Every structure is written in C-alpha cells, then in structure tokens.
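Worksheet: the structure to be examined is printed underneath.
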Amino acid sequence: EKGEVVLTDTTLGSVHIQKGVVDPHFVVVKEALLQTIKAAAGDTWSEELNTAWELAYDGLAIEIKKAMS
C-alpha cells in the first residue's frame, strides 16, 4: 500500500541460504523476470512499467538479502 516491500515470510532468507543463492543470482533472476513480463505484456509494455517492476523486484531482493544476513 505504501510502495514498500514487507517480507512477511521469515523463512525466505534461510531458504535462499540453504539453496546457495548469492548476490549475482539476484541480478540474473531480475533480468529473466523483466524479459518474461515484457514478453507477456506485449504492446502494453512501457518504460513506466519497466521501472515499476524493477523497483518492486529490487525492494524484494533487498528484504530477502536482509533476511539472509
């Protein structure tokens, strides 16, 4: 509601650690996610949508990384 990502699943950090996720994985997943959404959105894709998805993903990644520490 406030434009913030709130991580309510506290196990996400430990699951990512358990699976061996490291920083470069977040970059690869972000690019794959953006490409997939762009392909699905087709003609409705815009820079505004791209920015919104990037911000949402970055916020989630930050919270997961915090939970991993």
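Ordering of the structure tokens sets the chain letters (A, B, ...), residue numbers begin anew at 1 in every chain, and ligands are numbered from 1 in the order given.
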
Identify all residues of chain A in alpha helix (DSSP H) (DSSP on the backbone) and supply them as an mmCIF file with C-alpha atoms, in the first residue's frame.
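Ended up saving to part_35.cif:
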```cif
data_model
loop_
_atom_site.group_PDB
_atom_site.id
_atom_site.type_symbol
_atom_site.label_atom_id
_atom_site.label_comp_id
_atom_site.auth_asym_id
_atom_site.auth_seq_id
_atom_site.Cartn_x
_atom_site.Cartn_y
_atom_site.Cartn_z
ATOM 1 C CA LEU A 12 12.747 -16.831 2.740
ATOM 2 C CA GLY A 13 16.193 -15.818 3.944
ATOM 3 C CA SER A 14 17.055 -19.251 5.282
ATOM 4 C CA VAL A 15 15.654 -20.978 2.188
ATOM 5 C CA HIS A 16 17.813 -18.805 -0.069
ATOM 6 C CA ILE A 17 20.887 -19.565 2.069
ATOM 7 C CA GLN A 18 20.045 -23.263 2.045
ATOM 8 C CA ASP A 23 24.226 -11.823 -4.967
ATOM 9 C CA PRO A 24 24.814 -12.479 -8.696
ATOM 10 C CA HIS A 25 21.768 -14.777 -8.746
ATOM 11 C CA PHE A 26 19.512 -11.841 -7.890
ATOM 12 C CA VAL A 27 20.732 -9.965 -10.979
ATOM 13 C CA VAL A 28 20.114 -12.943 -13.283
ATOM 14 C CA VAL A 29 16.631 -13.553 -11.866
ATOM 15 C CA LYS A 30 15.758 -9.856 -12.183
ATOM 16 C CA GLU A 31 16.710 -9.775 -15.862
ATOM 17 C CA ALA A 32 14.855 -13.017 -16.596
ATOM 18 C CA LEU A 33 11.765 -11.758 -14.777
ATOM 19 C CA LEU A 34 11.764 -8.432 -16.616
ATOM 20 C CA GLN A 35 12.208 -10.119 -20.009
ATOM 21 C CA THR A 36 9.385 -12.570 -19.251
ATOM 22 C CA ILE A 37 6.961 -9.863 -18.121
ATOM 23 C CA LYS A 38 7.895 -7.688 -21.104
ATOM 24 C CA ALA A 39 7.149 -10.564 -23.488
ATOM 25 C CA ALA A 40 3.832 -11.286 -21.765
ATOM 26 C CA ALA A 41 2.815 -7.598 -21.727
ATOM 27 C CA GLU A 47 9.371 2.349 -19.515
ATOM 28 C CA GLU A 48 6.992 3.186 -16.679
ATOM 29 C CA LEU A 49 6.080 -0.493 -16.269
ATOM 30 C CA ASN A 50 9.731 -1.486 -16.530
ATOM 31 C CA THR A 51 10.672 0.955 -13.775
ATOM 32 C CA ALA A 52 7.799 -0.184 -11.557
ATOM 33 C CA TRP A 53 8.790 -3.843 -11.895
ATOM 34 C CA GLU A 54 12.458 -3.028 -11.305
ATOM 35 C CA LEU A 55 11.620 -1.132 -8.127
ATOM 36 C CA ALA A 56 9.358 -3.921 -6.893
ATOM 37 C CA TYR A 57 11.972 -6.597 -7.572
ATOM 38 C CA ASP A 58 14.786 -4.538 -6.068
ATOM 39 C CA GLY A 59 12.717 -3.973 -2.924
ATOM 40 C CA LEU A 60 12.017 -7.698 -2.599
ATOM 41 C CA ALA A 61 15.660 -8.600 -3.231
ATOM 42 C CA ILE A 62 16.818 -6.147 -0.551
ATOM 43 C CA GLU A 63 14.452 -7.644 2.000
ATOM 44 C CA ILE A 64 15.455 -11.211 1.158
ATOM 45 C CA LYS A 65 19.142 -10.288 1.410
ATOM 46 C CA LYS A 66 18.493 -8.707 4.826
ATOM 47 C CA ALA A 67 16.785 -11.925 5.917
ATOM 48 C CA MET A 68 19.821 -13.869 4.703
#
```
